[in-house]
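Colleague: Dropping the structure in here first, questions after.
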There are 2 protein chains.
Amino acid sequence: MEMNSMGENGINDKYIIIVGCGKLGAHLAGLLFESGKSVVMVDMRPSAFGRLPDGFGGFMLEADATELDTLKKAGIENADVFVATTDDDNTNIMLTQIAKTIYGVKKVVARVYEPHRQKVYEEFELETICPMILSAEAFRDYIESDGGGE
Amino acid sequence: MEMNSMGENGINDKYIIIVGCGKLGAHLAGLLFESGKSVVMVDMRPSAFGRLPDGFGGFMLEADATELDTLKKAGIENADVFVATTDDDNTNIMLTQIAKTIYGVKKVVARVYEPHRQKVYEEFELETICPMILSAEAFRDYIESDGGGE
């Protein structure tokens, strides 16, 4: 993917906050930055930011996102998208609920590990992505496809 | 998804070996069994089989898949598909290579955690699925889609 030359105020620009700079969060931040988005990455572990890809030019905020002050510092009042990818399902759900209900962020999405909780999240009308479910479906689709054999 | 009534010898039947009954492997086994496939799950940890969904009617083989005898017991000589979803990338790659090159299994696919290794796997012409990459792309697609906001 080539760097998008769209400027910070480009028509396609979005202001995106990601909490949790694990492998998934860091890779996602890189993808979004590459496509011209403004990205703020929040993590309380200084070492976590080392996972961000080379060339990542978004913002990094070292702070505990479960403190409301942190979300304000991250600019949540102006955020178009809020993403929670910490390694704790409950934290992710709590954060996305706060982003949605208190700050009115239009798009919020959380990573969840436990699929049996996913139905609960749907009742809260929170968008969630479960890597395990997604992966199992990808395996199944590959297995059931015609291609792949030699 | 409804249970498929296709019998064990139905025209759509495939014989599938999965090694690694973690969350992903167990969920995948359930999906494949539901769609009428013959599934053999291999894991060396007896407790792991408890992750299989209720109603799973495939075979369970408690053994170390890195011993060649285990793969034979699992029926690898007749397998159409071989899937490795242990929690170790190297084990998954080794097993899929054995399935492909020694036993000539037509479709083999491995879960990998480390995307930077994925390119190496492609050189071996092994199909791999990286849950992290898949998930990051799903997040990005959701974020860049028009829907989702209210």
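Residue numbering restarts at 1 for every chain of the structure tokens, chains are lettered A, B, ... in their displayed order, and ligands are numbered from 1 as they appear.
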Could I get chain B fitted onto chain A (least squares, all C-alpha atoms, in order) as a PDB file with C-alpha atoms, in the first residue's frame?
Modeller:
ATOM      1  CA  MET B   1      -0.113  -0.147   0.051  1.00  0.00           C
ATOM      2  CA  GLU B   2       1.338   3.227  -0.862  1.00  0.00           C
ATOM      3  CA  MET B   3       1.413   6.152   1.476  1.00  0.00           C
ATOM      4  CA  ASN B   4      -1.602   8.288   0.885  1.00  0.00           C
ATOM      5  CA  SER B   5      -0.699  11.878   0.179  1.00  0.00           C
ATOM      6  CA  MET B   6      -3.942  13.179   1.634  1.00  0.00           C
ATOM      7  CA  GLY B   7      -3.115  15.897   4.157  1.00  0.00           C
ATOM      8  CA  GLU B   8      -4.270  16.098   7.722  1.00  0.00           C
ATOM      9  CA  ASN B   9      -7.244  18.147   6.663  1.00  0.00           C
ATOM     10  CA  GLY B  10      -8.041  16.159   3.540  1.00  0.00           C
ATOM     11  CA  ILE B  11     -11.651  15.399   2.725  1.00  0.00           C
ATOM     12  CA  ASN B  12     -11.175  11.734   3.609  1.00  0.00           C
ATOM     13  CA  ASP B  13      -9.549  12.528   6.901  1.00  0.00           C
ATOM     14  CA  LYS B  14     -10.776  10.934  10.086  1.00  0.00           C
ATOM     15  CA  TYR B  15      -9.611  11.372  13.629  1.00  0.00           C
ATOM     16  CA  ILE B  16      -9.195   7.941  15.157  1.00  0.00           C
ATOM     17  CA  ILE B  17      -8.269   6.983  18.721  1.00  0.00           C
ATOM     18  CA  ILE B  18      -6.935   3.479  19.335  1.00  0.00           C
ATOM     19  CA  VAL B  19      -6.420   2.208  22.876  1.00  0.00           C
ATOM     20  CA  GLY B  20      -4.058  -0.748  23.217  1.00  0.00           C
ATOM     21  CA  CYS B  21      -0.800  -0.920  21.314  1.00  0.00           C
ATOM     22  CA  GLY B  22      -0.482  -4.677  21.145  1.00  0.00           C
ATOM     23  CA  LYS B  23       0.245  -6.466  17.880  1.00  0.00           C
ATOM     24  CA  LEU B  24      -3.256  -5.915  16.543  1.00  0.00           C
ATOM     25  CA  GLY B  25      -3.587  -2.298  17.637  1.00  0.00           C
ATOM     26  CA  ALA B  26      -0.151  -1.395  16.326  1.00  0.00           C
ATOM     27  CA  HIS B  27      -0.714  -3.049  12.951  1.00  0.00           C
ATOM     28  CA  LEU B  28      -4.110  -1.396  12.613  1.00  0.00           C
ATOM     29  CA  ALA B  29      -2.624   1.999  13.483  1.00  0.00           C
ATOM     30  CA  GLY B  30      -0.116   1.515  10.681  1.00  0.00           C
ATOM     31  CA  LEU B  31      -2.814   0.596   8.153  1.00  0.00           C
ATOM     32  CA  LEU B  32      -4.920   3.620   9.086  1.00  0.00           C
ATOM     33  CA  PHE B  33      -2.009   6.035   9.070  1.00  0.00           C
ATOM     34  CA  GLU B  34      -0.973   4.760   5.653  1.00  0.00           C
ATOM     35  CA  SER B  35      -4.416   5.557   4.296  1.00  0.00           C
ATOM     36  CA  GLY B  36      -4.229   9.145   5.465  1.00  0.00           C
ATOM     37  CA  LYS B  37      -6.038   9.021   8.784  1.00  0.00           C
ATOM     38  CA  SER B  38      -5.090  10.988  11.893  1.00  0.00           C
ATOM     39  CA  VAL B  39      -4.361   8.357  14.511  1.00  0.00           C
ATOM     40  CA  VAL B  40      -3.804   8.718  18.250  1.00  0.00           C
ATOM     41  CA  MET B  41      -2.477   5.590  19.954  1.00  0.00           C
ATOM     42  CA  VAL B  42      -3.013   5.315  23.698  1.00  0.00           C
ATOM     43  CA  ASP B  43      -1.205   2.806  25.889  1.00  0.00           C
ATOM     44  CA  MET B  44       0.009   2.899  29.468  1.00  0.00           C
ATOM     45  CA  ARG B  45       3.091   0.756  28.730  1.00  0.00           C
ATOM     46  CA  PRO B  46       5.886   2.851  27.212  1.00  0.00           C
ATOM     47  CA  SER B  47       7.442  -0.229  25.604  1.00  0.00           C
ATOM     48  CA  ALA B  48       4.234  -0.985  23.709  1.00  0.00           C
ATOM     49  CA  PHE B  49       4.776   1.867  21.257  1.00  0.00           C
ATOM     50  CA  GLY B  50       7.791  -0.006  19.920  1.00  0.00           C
ATOM     51  CA  ARG B  51       5.328  -2.274  18.137  1.00  0.00           C
ATOM     52  CA  LEU B  52       4.194   0.547  15.866  1.00  0.00           C
ATOM     53  CA  PRO B  53       5.495   0.089  12.331  1.00  0.00           C
ATOM     54  CA  ASP B  54       8.417   2.111  11.025  1.00  0.00           C
ATOM     55  CA  GLY B  55       7.158   5.325   9.518  1.00  0.00           C
ATOM     56  CA  PHE B  56       4.122   5.602  11.753  1.00  0.00           C
ATOM     57  CA  GLY B  57       3.480   9.310  12.060  1.00  0.00           C
ATOM     58  CA  GLY B  58       0.471   9.425  14.343  1.00  0.00           C
ATOM     59  CA  PHE B  59       0.373  10.568  17.919  1.00  0.00           C
ATOM     60  CA  MET B  60       1.336   8.452  20.911  1.00  0.00           C
ATOM     61  CA  LEU B  61      -0.139   9.061  24.349  1.00  0.00           C
ATOM     62  CA  GLU B  62       1.336   7.144  27.257  1.00  0.00           C
ATOM     63  CA  ALA B  63      -1.493   7.041  29.784  1.00  0.00           C
ATOM     64  CA  ASP B  64      -4.165   4.890  31.387  1.00  0.00           C
ATOM     65  CA  ALA B  65      -7.200   5.098  29.136  1.00  0.00           C
ATOM     66  CA  THR B  66      -9.535   4.069  31.928  1.00  0.00           C
ATOM     67  CA  GLU B  67      -9.002   7.508  33.466  1.00  0.00           C
ATOM     68  CA  LEU B  68     -11.412   9.940  31.854  1.00  0.00           C
ATOM     69  CA  ASP B  69      -8.770  12.623  31.704  1.00  0.00           C
ATOM     70  CA  THR B  70      -6.750  10.436  29.336  1.00  0.00           C
ATOM     71  CA  LEU B  71      -9.544  10.211  26.797  1.00  0.00           C
ATOM     72  CA  LYS B  72      -9.927  13.983  26.875  1.00  0.00           C
ATOM     73  CA  LYS B  73      -6.202  14.421  26.355  1.00  0.00           C
ATOM     74  CA  ALA B  74      -6.459  12.062  23.398  1.00  0.00           C
ATOM     75  CA  GLY B  75      -9.037  14.423  21.905  1.00  0.00           C
ATOM     76  CA  ILE B  76     -12.053  12.166  22.226  1.00  0.00           C
ATOM     77  CA  GLU B  77     -14.410  15.133  21.916  1.00  0.00           C
ATOM     78  CA  ASN B  78     -13.302  15.467  18.294  1.00  0.00           C
ATOM     79  CA  ALA B  79     -12.848  11.793  17.478  1.00  0.00           C
ATOM     80  CA  ASP B  80     -14.722  10.212  14.569  1.00  0.00           C
ATOM     81  CA  VAL B  81     -13.745   6.684  15.491  1.00  0.00           C
ATOM     82  CA  PHE B  82     -12.779   4.981  18.757  1.00  0.00           C
ATOM     83  CA  VAL B  83     -11.144   1.555  18.779  1.00  0.00           C
ATOM     84  CA  ALA B  84     -10.337  -0.554  21.856  1.00  0.00           C
ATOM     85  CA  THR B  85      -7.809  -3.325  21.354  1.00  0.00           C
ATOM     86  CA  THR B  86      -6.411  -3.903  24.826  1.00  0.00           C
ATOM     87  CA  ASP B  87      -5.975  -7.510  25.904  1.00  0.00           C
ATOM     88  CA  ASP B  88      -8.938  -7.318  28.271  1.00  0.00           C
ATOM     89  CA  ASP B  89     -12.469  -7.714  26.948  1.00  0.00           C
ATOM     90  CA  ASN B  90     -14.114  -5.861  29.813  1.00  0.00           C
ATOM     91  CA  THR B  91     -11.792  -2.892  29.438  1.00  0.00           C
ATOM     92  CA  ASN B  92     -12.513  -2.760  25.725  1.00  0.00           C
ATOM     93  CA  ILE B  93     -16.252  -2.830  26.291  1.00  0.00           C
ATOM     94  CA  MET B  94     -16.146  -0.247  29.053  1.00  0.00           C
ATOM     95  CA  LEU B  95     -14.041   2.114  26.944  1.00  0.00           C
ATOM     96  CA  THR B  96     -16.193   1.821  23.838  1.00  0.00           C
ATOM     97  CA  GLN B  97     -19.327   2.388  25.910  1.00  0.00           C
ATOM     98  CA  ILE B  98     -17.824   5.544  27.381  1.00  0.00           C
ATOM     99  CA  ALA B  99     -16.742   6.751  23.951  1.00  0.00           C
ATOM    100  CA  LYS B 100     -20.199   6.147  22.531  1.00  0.00           C
ATOM    101  CA  THR B 101     -22.498   7.256  25.310  1.00  0.00           C
ATOM    102  CA  ILE B 102     -20.539   9.997  27.058  1.00  0.00           C
ATOM    103  CA  TYR B 103     -18.638  11.502  24.157  1.00  0.00           C
ATOM    104  CA  GLY B 104     -20.942  10.571  21.288  1.00  0.00           C
ATOM    105  CA  VAL B 105     -18.229   9.095  19.111  1.00  0.00           C
ATOM    106  CA  LYS B 106     -20.043   7.912  15.997  1.00  0.00           C
ATOM    107  CA  LYS B 107     -18.070   4.750  15.306  1.00  0.00           C
ATOM    108  CA  VAL B 108     -16.770   2.597  18.114  1.00  0.00           C
ATOM    109  CA  VAL B 109     -15.440  -0.920  17.835  1.00  0.00           C
ATOM    110  CA  ALA B 110     -13.884  -3.314  20.336  1.00  0.00           C
ATOM    111  CA  ARG B 111     -11.798  -6.437  20.025  1.00  0.00           C
ATOM    112  CA  VAL B 112     -13.195  -9.319  22.047  1.00  0.00           C
ATOM    113  CA  TYR B 113     -11.579 -12.637  22.861  1.00  0.00           C
ATOM    114  CA  GLU B 114     -14.599 -14.434  24.232  1.00  0.00           C
ATOM    115  CA  PRO B 115     -17.222 -15.079  21.588  1.00  0.00           C
ATOM    116  CA  HIS B 116     -19.871 -16.115  24.106  1.00  0.00           C
ATOM    117  CA  ARG B 117     -19.770 -12.552  25.372  1.00  0.00           C
ATOM    118  CA  GLN B 118     -20.193 -11.154  21.890  1.00  0.00           C
ATOM    119  CA  LYS B 119     -23.957 -11.529  22.051  1.00  0.00           C
ATOM    120  CA  VAL B 120     -24.046  -9.414  25.189  1.00  0.00           C
ATOM    121  CA  TYR B 121     -22.087  -6.734  23.380  1.00  0.00           C
ATOM    122  CA  GLU B 122     -24.585  -6.782  20.554  1.00  0.00           C
ATOM    123  CA  GLU B 123     -27.297  -6.018  23.067  1.00  0.00           C
ATOM    124  CA  PHE B 124     -25.329  -2.915  24.016  1.00  0.00           C
ATOM    125  CA  GLU B 125     -25.214  -2.147  20.273  1.00  0.00           C
ATOM    126  CA  LEU B 126     -21.440  -2.146  20.374  1.00  0.00           C
ATOM    127  CA  GLU B 127     -19.596  -3.273  17.276  1.00  0.00           C
ATOM    128  CA  THR B 128     -17.109  -5.991  18.159  1.00  0.00           C
ATOM    129  CA  ILE B 129     -14.569  -8.051  16.258  1.00  0.00           C
ATOM    130  CA  CYS B 130     -13.508 -11.456  17.581  1.00  0.00           C
ATOM    131  CA  PRO B 131     -10.250 -12.570  15.935  1.00  0.00           C
ATOM    132  CA  MET B 132     -10.921 -16.212  16.753  1.00  0.00           C
ATOM    133  CA  ILE B 133     -14.341 -16.296  15.082  1.00  0.00           C
ATOM    134  CA  LEU B 134     -13.043 -14.342  12.108  1.00  0.00           C
ATOM    135  CA  SER B 135     -10.149 -16.771  11.715  1.00  0.00           C
ATOM    136  CA  ALA B 136     -12.238 -19.917  12.090  1.00  0.00           C
ATOM    137  CA  GLU B 137     -14.514 -18.626   9.332  1.00  0.00           C
ATOM    138  CA  ALA B 138     -11.509 -17.854   7.125  1.00  0.00           C
ATOM    139  CA  PHE B 139     -10.175 -21.387   7.619  1.00  0.00           C
ATOM    140  CA  ARG B 140     -13.576 -22.853   6.831  1.00  0.00           C
ATOM    141  CA  ASP B 141     -13.970 -20.749   3.706  1.00  0.00           C
ATOM    142  CA  TYR B 142     -10.532 -21.806   2.496  1.00  0.00           C
ATOM    143  CA  ILE B 143     -11.252 -25.467   3.242  1.00  0.00           C
ATOM    144  CA  GLU B 144     -14.599 -25.349   1.455  1.00  0.00           C
ATOM    145  CA  SER B 145     -13.260 -23.436  -1.543  1.00  0.00           C
ATOM    146  CA  ASP B 146     -12.322 -25.241  -4.738  1.00  0.00           C
ATOM    147  CA  GLY B 147      -8.826 -23.815  -4.940  1.00  0.00           C
ATOM    148  CA  GLY B 148      -5.750 -24.508  -2.902  1.00  0.00           C
ATOM    149  CA  GLY B 149      -5.068 -28.113  -3.825  1.00  0.00           C
ATOM    150  CA  GLU B 150      -2.533 -29.060  -6.428  1.00  0.00           C
TER     151      GLU B 150
END
Colleague: Please, which residues of chain A, numbered as in this document, come out helix (DSSP H, G or I) from DSSP, as number ranges by chain?
Modeller: A: 23-34, 46-51, 68-73, 76-78, 89-102, 115-123, 131-144
Colleague: For the structure I just gave you, how does DSSP split stretch 28-125 of chain B - specifically, which residues are strand (DSSP E)? Reply as a list of chain:residue names.
Modeller: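 Here is the list: B:Ser38, B:Val39, B:Val40, B:Met41, B:Val42, B:Asp43, B:Phe59, B:Met60, B:Leu61, B:Glu62, B:Val81, B:Phe82, B:Val83, B:Ala84, B:Lys107, B:Val108, B:Val109, B:Ala110, B:Arg111.
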